[in-house]
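*Asks:* The following file, entry_12.pdb, comprises PDB, C-alpha atoms:
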```pdb
MODEL        1
ATOM      1  CA  MET A   1     -66.885 -14.894  10.884
ATOM      2  CA  ASP A   2     -68.802 -14.505   7.624
ATOM      3  CA  ARG A   3     -68.129 -17.734   5.671
ATOM      4  CA  THR A   4     -70.316 -16.603   2.794
ATOM      5  CA  LEU A   5     -68.043 -13.579   2.328
ATOM      6  CA  LYS A   6     -65.062 -15.854   1.787
ATOM      7  CA  ASN A   7     -66.973 -17.775  -0.891
ATOM      8  CA  ARG A   8     -68.181 -14.591  -2.619
ATOM      9  CA  LEU A   9     -64.648 -13.157  -2.659
ATOM     10  CA  GLU A  10     -63.160 -16.355  -4.073
ATOM     11  CA  VAL A  11     -65.700 -16.357  -6.912
ATOM     12  CA  ARG A  12     -65.596 -12.615  -7.680
ATOM     13  CA  LEU A  13     -61.820 -12.214  -7.408
ATOM     14  CA  ALA A  14     -60.690 -15.485  -9.010
ATOM     15  CA  GLY A  15     -57.237 -14.945 -10.501
ATOM     16  CA  LEU A  16     -56.786 -11.490  -8.910
ATOM     17  CA  THR A  17     -55.652 -12.463  -5.411
ATOM     18  CA  ARG A  18     -52.235 -13.603  -4.258
ATOM     19  CA  GLY A  19     -52.980 -16.628  -2.134
ATOM     20  CA  PRO A  20     -56.083 -17.752  -0.282
ATOM     21  CA  VAL A  21     -58.735 -15.601   1.359
ATOM     22  CA  ARG A  22     -57.886 -15.608   5.076
ATOM     23  CA  GLN A  23     -60.381 -15.240   7.881
ATOM     24  CA  ARG A  24     -59.944 -14.787  11.609
ATOM     25  CA  TYR A  25     -62.690 -13.698  14.001
ATOM     26  CA  ASP A  26     -64.471 -10.772  12.300
ATOM     27  CA  GLU A  27     -61.669  -9.970   9.823
ATOM     28  CA  THR A  28     -61.203 -11.216   6.303
ATOM     29  CA  GLU A  29     -57.981 -10.544   4.410
ATOM     30  CA  ILE A  30     -56.982 -10.728   0.781
ATOM     31  CA  ARG A  31     -53.639  -9.932  -0.811
ATOM     32  CA  VAL A  32     -53.303  -8.422  -4.285
ATOM     33  CA  SER A  33     -50.621  -6.929  -6.488
ATOM     34  CA  PRO A  34     -50.535  -3.128  -6.684
ATOM     35  CA  GLY A  35     -51.398  -3.273 -10.395
ATOM     36  CA  ASP A  36     -54.579  -5.248  -9.667
ATOM     37  CA  ALA A  37     -55.626  -3.048  -6.730
ATOM     38  CA  PRO A  38     -57.845  -0.627  -8.734
ATOM     39  CA  LYS A  39     -59.735  -3.492 -10.375
ATOM     40  CA  VAL A  40     -60.123  -5.401  -7.092
ATOM     41  CA  LEU A  41     -61.230  -2.300  -5.169
ATOM     42  CA  THR A  42     -63.752  -1.454  -7.898
ATOM     43  CA  ILE A  43     -65.231  -4.972  -7.764
ATOM     44  CA  LEU A  44     -65.421  -4.782  -3.959
ATOM     45  CA  HIS A  45     -67.054  -1.354  -4.062
ATOM     46  CA  ASP A  46     -69.467  -1.788  -6.987
ATOM     47  CA  SER A  47     -70.655  -5.396  -6.719
ATOM     48  CA  ILE A  48     -74.209  -5.643  -5.373
ATOM     49  CA  ASP A  49     -73.372  -8.711  -3.281
ATOM     50  CA  LEU A  50     -70.201  -7.175  -1.756
ATOM     51  CA  ARG A  51     -70.864  -3.398  -1.428
ATOM     52  CA  PHE A  52     -67.726  -2.332   0.446
ATOM     53  CA  GLU A  53     -68.851   1.285   0.550
ATOM     54  CA  ILE A  54     -66.647   2.612   3.330
ATOM     55  CA  LEU A  55     -62.876   2.959   3.285
ATOM     56  CA  ALA A  56     -62.252   3.115   7.030
ATOM     57  CA  ASP A  57     -58.473   3.338   6.802
ATOM     58  CA  LEU A  58     -55.546   3.194   4.419
ATOM     59  CA  ALA A  59     -51.997   2.763   5.656
ATOM     60  CA  GLY A  60     -48.500   2.277   4.338
ATOM     61  CA  VAL A  61     -46.305  -0.542   5.612
ATOM     62  CA  ASP A  62     -42.563  -1.055   5.289
ATOM     63  CA  THR A  63     -41.675  -4.704   5.905
ATOM     64  CA  GLY A  64     -37.973  -4.059   5.357
ATOM     65  CA  ALA A  65     -38.045  -6.057   2.112
ATOM     66  CA  GLU A  66     -40.973  -4.352   0.384
ATOM     67  CA  MET A  67     -43.638  -1.704   0.828
ATOM     68  CA  GLN A  68     -47.362  -2.411   1.145
ATOM     69  CA  VAL A  69     -50.585  -0.442   1.127
ATOM     70  CA  VAL A  70     -53.310  -1.771   3.419
ATOM     71  CA  TYR A  71     -56.977  -0.847   2.927
ATOM     72  CA  HIS A  72     -59.609  -1.518   5.629
ATOM     73  CA  LEU A  73     -63.103  -1.710   4.153
ATOM     74  CA  TRP A  74     -66.613  -2.046   5.585
ATOM     75  CA  SER A  75     -69.802  -3.279   3.951
ATOM     76  CA  PRO A  76     -73.414  -3.386   5.140
ATOM     77  CA  ALA A  77     -73.624  -6.788   3.381
ATOM     78  CA  SER A  78     -71.183  -8.497   5.774
ATOM     79  CA  ASP A  79     -70.387  -8.724   9.464
ATOM     80  CA  ASP A  80     -66.653  -8.893   8.640
ATOM     81  CA  TRP A  81     -64.190  -6.108   8.063
ATOM     82  CA  LEU A  82     -62.141  -6.634   4.906
ATOM     83  CA  ARG A  83     -58.411  -5.986   4.814
ATOM     84  CA  VAL A  84     -56.936  -5.647   1.321
ATOM     85  CA  VAL A  85     -53.134  -5.753   1.249
ATOM     86  CA  ALA A  86     -51.457  -4.497  -1.931
ATOM     87  CA  GLU A  87     -48.057  -6.134  -1.573
ATOM     88  CA  GLY A  88     -44.823  -6.245  -3.524
ATOM     89  CA  ILE A  89     -44.274  -2.497  -3.890
ATOM     90  CA  SER A  90     -40.632  -1.645  -4.561
ATOM     91  CA  ARG A  91     -38.797   0.095  -1.722
ATOM     92  CA  ASP A  92     -36.575   1.931  -4.240
ATOM     93  CA  ASP A  93     -39.480   3.554  -6.095
ATOM     94  CA  PRO A  94     -42.664   2.945  -4.087
ATOM     95  CA  ARG A  95     -45.707   3.598  -6.273
ATOM     96  CA  ALA A  96     -49.317   2.510  -5.961
ATOM     97  CA  PRO A  97     -52.533   3.539  -7.700
ATOM     98  CA  SER A  98     -54.738   6.011  -5.871
ATOM     99  CA  ALA A  99     -58.107   4.929  -4.466
ATOM    100  CA  THR A 100     -59.569   8.441  -4.725
ATOM    101  CA  PHE A 101     -61.609   7.454  -7.792
ATOM    102  CA  LEU A 102     -63.798   5.337  -5.438
ATOM    103  CA  TRP A 103     -63.377   7.089  -2.091
ATOM    104  CA  PRO A 104     -62.498  10.811  -2.379
ATOM    105  CA  GLY A 105     -61.539  10.802   1.325
ATOM    106  CA  ALA A 106     -58.637   8.494   0.471
ATOM    107  CA  GLU A 107     -56.780  11.635  -0.605
ATOM    108  CA  TRP A 108     -55.853  12.508   2.984
ATOM    109  CA  LEU A 109     -54.966   8.934   3.944
ATOM    110  CA  GLU A 110     -52.724   8.626   0.877
ATOM    111  CA  ARG A 111     -51.059  11.931   1.716
ATOM    112  CA  GLU A 112     -50.223  10.576   5.167
ATOM    113  CA  ALA A 113     -48.806   7.329   3.713
ATOM    114  CA  TYR A 114     -46.756   9.410   1.269
ATOM    115  CA  ASP A 115     -45.517  11.685   4.042
ATOM    116  CA  MET A 116     -44.472   8.878   6.383
ATOM    117  CA  PHE A 117     -43.357   6.159   3.904
ATOM    118  CA  GLY A 118     -42.704   7.921   0.589
ATOM    119  CA  ILE A 119     -45.321   5.880  -1.295
ATOM    120  CA  VAL A 120     -46.391   7.835  -4.378
ATOM    121  CA  PHE A 121     -50.099   7.359  -5.115
ATOM    122  CA  GLU A 122     -50.529   7.816  -8.838
ATOM    123  CA  GLY A 123     -53.779   9.645  -9.541
ATOM    124  CA  ASN A 124     -53.925  11.539  -6.247
ATOM    125  CA  ARG A 125     -54.383  15.179  -7.286
ATOM    126  CA  ASP A 126     -52.928  16.648  -4.074
ATOM    127  CA  LEU A 127     -50.039  14.439  -3.023
ATOM    128  CA  ARG A 128     -47.991  16.638  -0.732
ATOM    129  CA  ARG A 129     -46.762  16.506   2.823
ATOM    130  CA  ILE A 130     -49.452  16.646   5.470
ATOM    131  CA  LEU A 131     -47.566  16.159   8.770
ATOM    132  CA  MET A 132     -43.911  16.952   8.043
ATOM    133  CA  PRO A 133     -42.579  20.305   6.773
ATOM    134  CA  ALA A 134     -42.831  20.747   3.004
ATOM    135  CA  ASP A 135     -39.029  20.809   2.599
ATOM    136  CA  TYR A 136     -38.433  17.656   4.686
ATOM    137  CA  LEU A 137     -36.471  15.112   2.665
ATOM    138  CA  SER A 138     -36.955  11.851   4.553
ATOM    139  CA  PHE A 139     -39.792   9.473   5.455
ATOM    140  CA  PRO A 140     -39.880   8.822   9.229
ATOM    141  CA  LEU A 141     -41.762   5.494   9.330
ATOM    142  CA  ARG A 142     -39.495   3.662   6.892
ATOM    143  CA  LYS A 143     -37.264   0.954   8.307
ATOM    144  CA  ASP A 144     -34.189   2.675   6.844
ATOM    145  CA  PHE A 145     -34.929   6.013   8.556
ATOM    146  CA  LEU A 146     -31.886   6.938  10.625
ATOM    147  CA  LEU A 147     -32.273   8.601  13.958
ATOM    148  CA  GLY A 148     -30.013  11.466  14.944
ATOM    149  CA  ASP A 149     -27.606   9.591  17.200
ATOM    150  CA  ASP A 150     -26.180   6.130  17.773
ATOM    151  CA  ALA A 151     -27.482   5.773  21.338
ATOM    152  CA  SER A 152     -30.999   5.490  19.995
ATOM    153  CA  ARG A 153     -30.008   2.389  18.025
ATOM    154  CA  THR A 154     -28.665   0.322  20.937
ATOM    155  CA  PRO A 155     -30.613  -0.655  24.047
ATOM    156  CA  GLY A 156     -28.992   0.467  27.265
ATOM    157  CA  ALA A 157     -26.558   2.787  25.527
ATOM    158  CA  GLY A 158     -27.784   5.723  27.504
ATOM    159  CA  VAL A 159     -30.056   8.648  27.112
ATOM    160  CA  ARG A 160     -30.247  10.391  23.756
ATOM    161  CA  HIS A 161     -29.191  14.022  23.653
ATOM    162  CA  SER A 162     -32.739  15.161  22.962
ATOM    163  CA  GLU A 163     -33.925  13.468  26.164
ATOM    164  CA  ARG A 164     -31.314  14.812  28.564
ATOM    165  CA  ALA A 165     -32.500  17.278  31.157
ATOM    166  CA  GLN A 166     -31.137  20.763  30.710
ATOM    167  CA  VAL A 167     -28.537  21.793  33.277
ATOM    168  CA  PRO A 168     -29.272  25.282  34.562
ATOM    169  CA  ALA A 169     -26.821  27.989  33.591
ATOM    170  CA  THR A 170     -24.351  29.230  36.203
ATOM    171  CA  PRO A 171     -25.893  32.057  38.236
ATOM    172  CA  ALA A 172     -24.412  35.456  37.351
ATOM    173  CA  GLY A 173     -21.329  36.122  39.455
ATOM    174  CA  GLY A 174     -21.675  32.861  41.353
ATOM    175  CA  ASP A 175     -19.758  29.653  41.703
ATOM    176  CA  PRO A 176     -21.419  26.841  39.729
ATOM    177  CA  ALA A 177     -20.750  24.425  42.569
ATOM    178  CA  VAL A 178     -22.735  26.563  45.018
ATOM    179  CA  ARG A 179     -26.472  26.466  44.716
ATOM    180  CA  ARG A 180     -28.426  29.315  46.137
ATOM    181  CA  ALA A 181     -31.700  28.913  47.900
ATOM    182  CA  PRO A 182     -34.569  30.687  46.179
ATOM    183  CA  ALA A 183     -35.326  34.153  47.484
ATOM    184  CA  SER A 184     -38.361  34.343  49.704
TER     185      SER A 184
ENDMDL
END
```
In structure tokens, how does this file's structure come out?
*Replies:*
Amino acid sequence: MDRTLKNRLEVRLAGLTRGPVRQRYDETEIRVSPGDAPKVLTILHDSIDLRFEILADLAGVDTGAEMQVVYHLWSPASDDWLRVVAEGISRDDPRAPSATFLWPGAEWLEREAYDMFGIVFEGNRDLRRILMPADYLSFPLRKDFLLGDDASRTPGAGVRHSERAQVPATPAGGDPAVRRAPAS
């Protein structure tokens, strides 16, 4: 655990974080509002004493009450990974600023978060579906995504239609109750 990182973050990001800097093992976490995310990410990226140069991952999260964007950052100046959680994004109109101005590779990660959660990343020049068909209307990783049948919603309610084994068709001219041995 890099205790000096916690101190540097508290000084550099005073007034921009929501709550304390949290540390556990080799992970440090800060929480910010979506509106402050570009400023915070810029400070983390550009500051000589922080130098979080690598965006290792970006993911959407649906807590059921709100949406979040989680950034995982790496710096050669610290032994800790940094998790930045942009929290408080509306589920009705999920929007967050793009991180492509710092990490061009964020474009693909933001496209995936858009595709799965419906989070619109303002400033992403190519925000379109990446995994689902272009005409797909829903977002499969949201908590309110409905599956195709009720059995999938209740444990022990049986096998869903899509998981049932196919019953072979009745052989031509034969009785369905009689099974024929394969020809040798």
*Asks:* Smallest atom-to-atom distance to His45 of chain A: which of A:Gln23, A:Glu107, A:Asp126, A:Ala99, using all atoms listed in the file?
*Replies:* A:Ala99
*Asks:* Which residue, A:Ser78, A:Ser33, A:Gln68, A:Thr63, has the smallest gap to Leu5 of chain A when you use only C-alpha atoms?
*Replies:*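 Comparing A:Ser78, A:Ser33, A:Gln68, A:Thr63 against Leu5 of chain A, the winner is A:Ser78.
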*Asks:* Nearest to Phe121 of chain A among A:Pro34, A:Arg51, A:Asp46, A:Trp103, with distances taken over only C-alpha atoms: which residue is it?
*Replies:*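 For Phe121 of chain A, the nearest of the candidates is A:Pro34.
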*Asks:* Skip Asp57 of chain A itself and residues of its chain fewer than 2 positions away, then list as number ranges by chain all residues within 6 Å of it, counting only C-alpha atoms.
*Replies:* A: 55, 71-72
*Asks:* Quick one, how far is atom CA of Arg111 of chain A from atom CA of Asp135 of chain A?
*Replies:*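 So the answer is 15.0 Å.
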*Asks:* Select, from A:Leu102, A:Ala59, A:Val85, A:Leu137, the residue with the minimum atom-to-atom distance to Asn124 of chain A, counting all atoms listed in the file.
*Replies:* A:Leu102
*Asks:* As JSON, numbers by chain, please: the residues near Val11 of chain A (cut-off 12 Å, all atoms listed in the file, same-chain neighbours under 5 positions excluded).
*Replies:* {"A": [4, 5, 6, 16, 17, 20, 21, 43, 44, 49, 50]}
*Asks:* Suppose you want the space between atom CA of Ser90 of chain A and atom CA of Glu66 of chain A; what is it in Å?
*Replies:*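 Taking atom CA of Ser90 of chain A as the start and atom CA of Glu66 of chain A as the end point, the length is 5.6 Å.
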*Asks:* If the box runs along x, y and z of the file and leaves 8 Å on each side of segment 6-11 of chain A, what are its centre and edge lengths in Å, one decimal, as AutoDock Vina command-line options?
*Replies:*
```
--center_x -65.7 --center_y -15.5 --center_z -2.6 --size_x 21.0 --size_y 20.6 --size_z 24.7
```
*Asks:* Between A:Val61, A:Asp115, A:Arg8, A:Pro38, which is the closest to Tyr136 of chain A once you count all atoms listed in the file?
*Replies:*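 Of the candidates, the smallest distance to Tyr136 of chain A is held by A:Asp115.
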*Asks:* Run the PyMOL selection byres ((chain A and resi 138) around 9) mentally over the shown coordinates, then write out the matched residues as a compact mmCIF listing (two decimals) with C-alpha atoms, in the coordinates of the input, using the chain letters and numbers from the document.
*Replies:*
```txt
# COMPACT_ATOMS: atom_id res chain seq x y z
CA ASP A 115 -45.52 11.68 4.04
CA MET A 116 -44.47 8.88 6.38
CA PHE A 117 -43.36 6.16 3.90
CA GLY A 118 -42.70 7.92 0.59
CA TYR A 136 -38.43 17.66 4.69
CA LEU A 137 -36.47 15.11 2.66
CA PHE A 139 -39.79 9.47 5.46
CA PRO A 140 -39.88 8.82 9.23
CA ARG A 142 -39.49 3.66 6.89
CA PHE A 145 -34.93 6.01 8.56
```
*Asks:* Hey, what comes out of the PyMOL selection byres ((chain A and resi 25-30) around 7) on this file? Could you write it as a list in words?
*Replies:*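 Listing what the PyMOL selection byres ((chain A and resi 25-30) around 7) selects in the shown file: Met1, Thr17, Val21, Arg22, Gln23, Arg24, Arg31, Val32, Asp79, Asp80, Trp81, Leu82, Arg83, Val84 and Val85 of chain A.
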*Asks:* Around the point (-44.1, 6.0, -3.7) in the file's coordinates, collect all residues with an atom within 10 Å, using all atoms listed in the file, and return them as a PyMOL selection string.
*Replies:* chain A and resi 60+67+89-97+113-115+117-122
*Asks:* What does the file look like for those residues with C-alpha atoms, as a PDB file, in the frame of the given file?
*Replies:*
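As a result, result-v6.pdb now contains:
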```
ATOM      1  CA  GLY A  60     -48.500   2.277   4.338  1.00  0.00           C
ATOM      2  CA  MET A  67     -43.638  -1.704   0.828  1.00  0.00           C
ATOM      3  CA  ILE A  89     -44.274  -2.497  -3.890  1.00  0.00           C
ATOM      4  CA  SER A  90     -40.632  -1.645  -4.561  1.00  0.00           C
ATOM      5  CA  ARG A  91     -38.797   0.095  -1.722  1.00  0.00           C
ATOM      6  CA  ASP A  92     -36.575   1.931  -4.240  1.00  0.00           C
ATOM      7  CA  ASP A  93     -39.480   3.554  -6.095  1.00  0.00           C
ATOM      8  CA  PRO A  94     -42.664   2.945  -4.087  1.00  0.00           C
ATOM      9  CA  ARG A  95     -45.707   3.598  -6.273  1.00  0.00           C
ATOM     10  CA  ALA A  96     -49.317   2.510  -5.961  1.00  0.00           C
ATOM     11  CA  PRO A  97     -52.533   3.539  -7.700  1.00  0.00           C
ATOM     12  CA  ALA A 113     -48.806   7.329   3.713  1.00  0.00           C
ATOM     13  CA  TYR A 114     -46.756   9.410   1.269  1.00  0.00           C
ATOM     14  CA  ASP A 115     -45.517  11.685   4.042  1.00  0.00           C
ATOM     15  CA  PHE A 117     -43.357   6.159   3.904  1.00  0.00           C
ATOM     16  CA  GLY A 118     -42.704   7.921   0.589  1.00  0.00           C
ATOM     17  CA  ILE A 119     -45.321   5.880  -1.295  1.00  0.00           C
ATOM     18  CA  VAL A 120     -46.391   7.835  -4.378  1.00  0.00           C
ATOM     19  CA  PHE A 121     -50.099   7.359  -5.115  1.00  0.00           C
ATOM     20  CA  GLU A 122     -50.529   7.816  -8.838  1.00  0.00           C
TER      21      GLU A 122
END
```
*Asks:* One number please: atom CA of Asp2 of chain A to atom CA of Asp36 of chain A, in Å, one decimal.
*Replies:*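 Spanning atom CA of Asp2 of chain A to atom CA of Asp36 of chain A is a straight-line distance of 24.2 Å.
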*Asks:* So, counting all atoms listed in the file, which residue among A:Leu9, A:Leu109, A:Ala37, A:Ala86 is closest to Leu58 of chain A?
*Replies:* A:Leu109
*Asks:* What does segment 13-131 of chain A look like written to a file with C-alpha atoms, as a PDB file, in the first residue's frame?
*Replies:*
```pdb
ATOM      1  CA  LEU A  13      -7.660  16.747  -5.322  1.00  0.00           C
ATOM      2  CA  ALA A  14      -8.822  18.747  -2.290  1.00  0.00           C
ATOM      3  CA  GLY A  15     -12.471  19.672  -2.808  1.00  0.00           C
ATOM      4  CA  LEU A  16     -12.884  17.452  -5.901  1.00  0.00           C
ATOM      5  CA  THR A  17     -13.474  14.065  -4.271  1.00  0.00           C
ATOM      6  CA  ARG A  18     -16.635  12.712  -2.695  1.00  0.00           C
ATOM      7  CA  GLY A  19     -15.446  11.267   0.578  1.00  0.00           C
ATOM      8  CA  PRO A  20     -12.062  10.048   1.757  1.00  0.00           C
ATOM      9  CA  VAL A  21      -9.329   8.399  -0.284  1.00  0.00           C
ATOM     10  CA  ARG A  22      -9.659   4.665   0.413  1.00  0.00           C
ATOM     11  CA  GLN A  23      -6.826   2.176   0.332  1.00  0.00           C
ATOM     12  CA  ARG A  24      -6.772  -1.599   0.547  1.00  0.00           C
ATOM     13  CA  TYR A  25      -3.786  -3.781  -0.331  1.00  0.00           C
ATOM     14  CA  ASP A  26      -2.414  -2.414  -3.629  1.00  0.00           C
ATOM     15  CA  GLU A  27      -5.568  -0.490  -4.619  1.00  0.00           C
ATOM     16  CA  THR A  28      -6.445   3.108  -3.951  1.00  0.00           C
ATOM     17  CA  GLU A  29      -9.927   4.432  -4.684  1.00  0.00           C
ATOM     18  CA  ILE A  30     -11.403   7.882  -5.036  1.00  0.00           C
ATOM     19  CA  ARG A  31     -14.970   8.874  -5.831  1.00  0.00           C
ATOM     20  CA  VAL A  32     -15.859  11.957  -7.873  1.00  0.00           C
ATOM     21  CA  SER A  33     -18.894  13.506  -9.506  1.00  0.00           C
ATOM     22  CA  PRO A  34     -19.209  13.015 -13.268  1.00  0.00           C
ATOM     23  CA  GLY A  35     -18.856  16.773 -13.815  1.00  0.00           C
ATOM     24  CA  ASP A  36     -15.504  16.811 -11.995  1.00  0.00           C
ATOM     25  CA  ALA A  37     -14.184  13.687 -13.744  1.00  0.00           C
ATOM     26  CA  PRO A  38     -12.393  15.493 -16.629  1.00  0.00           C
ATOM     27  CA  LYS A  39     -10.595  17.839 -14.234  1.00  0.00           C
ATOM     28  CA  VAL A  40      -9.660  15.020 -11.835  1.00  0.00           C
ATOM     29  CA  LEU A  41      -8.467  12.734 -14.644  1.00  0.00           C
ATOM     30  CA  THR A  42      -6.392  15.566 -16.127  1.00  0.00           C
ATOM     31  CA  ILE A  43      -4.722  16.243 -12.760  1.00  0.00           C
ATOM     32  CA  LEU A  44      -4.023  12.519 -12.322  1.00  0.00           C
ATOM     33  CA  HIS A  45      -2.605  12.219 -15.833  1.00  0.00           C
ATOM     34  CA  ASP A  46      -0.596  15.455 -16.082  1.00  0.00           C
ATOM     35  CA  SER A  47       0.808  15.979 -12.582  1.00  0.00           C
ATOM     36  CA  ILE A  48       4.521  15.156 -12.384  1.00  0.00           C
ATOM     37  CA  ASP A  49       4.145  13.550  -8.953  1.00  0.00           C
ATOM     38  CA  LEU A  50       1.135  11.392  -9.965  1.00  0.00           C
ATOM     39  CA  ARG A  51       1.634  10.488 -13.672  1.00  0.00           C
ATOM     40  CA  PHE A  52      -1.270   8.076 -14.165  1.00  0.00           C
ATOM     41  CA  GLU A  53      -0.337   7.476 -17.788  1.00  0.00           C
ATOM     42  CA  ILE A  54      -2.207   4.251 -18.457  1.00  0.00           C
ATOM     43  CA  LEU A  55      -5.961   3.759 -18.517  1.00  0.00           C
ATOM     44  CA  ALA A  56      -6.073  -0.003 -17.993  1.00  0.00           C
ATOM     45  CA  ASP A  57      -9.855  -0.294 -17.962  1.00  0.00           C
ATOM     46  CA  LEU A  58     -13.069   1.689 -17.997  1.00  0.00           C
ATOM     47  CA  ALA A  59     -16.387   0.112 -17.095  1.00  0.00           C
ATOM     48  CA  GLY A  60     -20.000   1.045 -16.572  1.00  0.00           C
ATOM     49  CA  VAL A  61     -21.846   0.024 -13.419  1.00  0.00           C
ATOM     50  CA  ASP A  62     -25.564  -0.041 -12.684  1.00  0.00           C
ATOM     51  CA  THR A  63     -26.163  -0.109  -8.926  1.00  0.00           C
ATOM     52  CA  GLY A  64     -29.935  -0.153  -9.369  1.00  0.00           C
ATOM     53  CA  ALA A  65     -30.201   3.376  -7.957  1.00  0.00           C
ATOM     54  CA  GLU A  66     -27.633   5.130 -10.146  1.00  0.00           C
ATOM     55  CA  MET A  67     -25.077   4.564 -12.877  1.00  0.00           C
ATOM     56  CA  GLN A  68     -21.312   4.848 -12.414  1.00  0.00           C
ATOM     57  CA  VAL A  69     -18.233   4.922 -14.598  1.00  0.00           C
ATOM     58  CA  VAL A  70     -15.152   3.262 -13.115  1.00  0.00           C
ATOM     59  CA  TYR A  71     -11.642   4.040 -14.386  1.00  0.00           C
ATOM     60  CA  HIS A  72      -8.632   1.852 -13.474  1.00  0.00           C
ATOM     61  CA  LEU A  73      -5.368   3.765 -13.800  1.00  0.00           C
ATOM     62  CA  TRP A  74      -1.682   2.868 -13.497  1.00  0.00           C
ATOM     63  CA  SER A  75       1.314   5.082 -12.803  1.00  0.00           C
ATOM     64  CA  PRO A  76       5.055   4.394 -12.774  1.00  0.00           C
ATOM     65  CA  ALA A  77       5.204   6.739  -9.742  1.00  0.00           C
ATOM     66  CA  SER A  78       3.209   4.399  -7.474  1.00  0.00           C
ATOM     67  CA  ASP A  79       2.939   0.736  -6.570  1.00  0.00           C
ATOM     68  CA  ASP A  80      -0.858   1.101  -6.258  1.00  0.00           C
ATOM     69  CA  TRP A  81      -3.522   0.862  -8.903  1.00  0.00           C
ATOM     70  CA  LEU A  82      -5.953   3.780  -8.760  1.00  0.00           C
ATOM     71  CA  ARG A  83      -9.690   3.287  -9.128  1.00  0.00           C
ATOM     72  CA  VAL A  84     -11.646   6.451  -9.935  1.00  0.00           C
ATOM     73  CA  VAL A  85     -15.410   6.062  -9.553  1.00  0.00           C
ATOM     74  CA  ALA A  86     -17.572   8.733 -11.194  1.00  0.00           C
ATOM     75  CA  GLU A  87     -20.799   8.246  -9.265  1.00  0.00           C
ATOM     76  CA  GLY A  88     -24.259   9.764  -9.237  1.00  0.00           C
ATOM     77  CA  ILE A  89     -25.052   9.390 -12.940  1.00  0.00           C
ATOM     78  CA  SER A  90     -28.792   9.436 -13.611  1.00  0.00           C
ATOM     79  CA  ARG A  91     -30.312   6.127 -14.705  1.00  0.00           C
ATOM     80  CA  ASP A  92     -32.952   7.980 -16.763  1.00  0.00           C
ATOM     81  CA  ASP A  93     -30.420   9.870 -18.891  1.00  0.00           C
ATOM     82  CA  PRO A  94     -26.963   8.417 -18.199  1.00  0.00           C
ATOM     83  CA  ARG A  95     -24.288  10.819 -19.440  1.00  0.00           C
ATOM     84  CA  ALA A  96     -20.616  11.160 -18.595  1.00  0.00           C
ATOM     85  CA  PRO A  97     -17.728  13.080 -20.144  1.00  0.00           C
ATOM     86  CA  SER A  98     -15.428  11.135 -22.434  1.00  0.00           C
ATOM     87  CA  ALA A  99     -11.846  10.378 -21.392  1.00  0.00           C
ATOM     88  CA  THR A 100     -10.623  10.194 -24.998  1.00  0.00           C
ATOM     89  CA  PHE A 101      -8.973  13.619 -24.700  1.00  0.00           C
ATOM     90  CA  LEU A 102      -6.372  11.970 -22.392  1.00  0.00           C
ATOM     91  CA  TRP A 103      -6.423   8.341 -23.518  1.00  0.00           C
ATOM     92  CA  PRO A 104      -7.531   7.853 -27.158  1.00  0.00           C
ATOM     93  CA  GLY A 105      -7.972   4.118 -26.453  1.00  0.00           C
ATOM     94  CA  ALA A 106     -10.835   4.996 -24.106  1.00  0.00           C
ATOM     95  CA  GLU A 107     -12.988   5.257 -27.232  1.00  0.00           C
ATOM     96  CA  TRP A 108     -13.459   1.483 -27.416  1.00  0.00           C
ATOM     97  CA  LEU A 109     -14.014   1.066 -23.674  1.00  0.00           C
ATOM     98  CA  GLU A 110     -16.636   3.832 -23.716  1.00  0.00           C
ATOM     99  CA  ARG A 111     -18.344   2.220 -26.696  1.00  0.00           C
ATOM    100  CA  GLU A 112     -18.626  -1.015 -24.720  1.00  0.00           C
ATOM    101  CA  ALA A 113     -20.053   0.800 -21.665  1.00  0.00           C
ATOM    102  CA  TYR A 114     -22.527   2.561 -23.964  1.00  0.00           C
ATOM    103  CA  ASP A 115     -23.495  -0.704 -25.640  1.00  0.00           C
ATOM    104  CA  MET A 116     -24.056  -2.624 -22.407  1.00  0.00           C
ATOM    105  CA  PHE A 117     -25.354   0.136 -20.067  1.00  0.00           C
ATOM    106  CA  GLY A 118     -26.548   2.979 -22.306  1.00  0.00           C
ATOM    107  CA  ILE A 119     -24.109   5.508 -20.817  1.00  0.00           C
ATOM    108  CA  VAL A 120     -23.577   8.306 -23.338  1.00  0.00           C
ATOM    109  CA  PHE A 121     -19.985   9.576 -23.278  1.00  0.00           C
ATOM    110  CA  GLU A 122     -20.095  13.183 -24.385  1.00  0.00           C
ATOM    111  CA  GLY A 123     -17.074  13.954 -26.550  1.00  0.00           C
ATOM    112  CA  ASN A 124     -16.579  10.423 -27.869  1.00  0.00           C
ATOM    113  CA  ARG A 125     -16.464  10.852 -31.655  1.00  0.00           C
ATOM    114  CA  ASP A 126     -17.541   7.273 -32.447  1.00  0.00           C
ATOM    115  CA  LEU A 127     -20.136   6.274 -29.879  1.00  0.00           C
ATOM    116  CA  ARG A 128     -21.966   3.392 -31.499  1.00  0.00           C
ATOM    117  CA  ARG A 129     -22.688  -0.209 -30.678  1.00  0.00           C
ATOM    118  CA  ILE A 130     -19.672  -2.481 -30.576  1.00  0.00           C
ATOM    119  CA  LEU A 131     -21.059  -5.853 -29.399  1.00  0.00           C
TER     120      LEU A 131
END
```
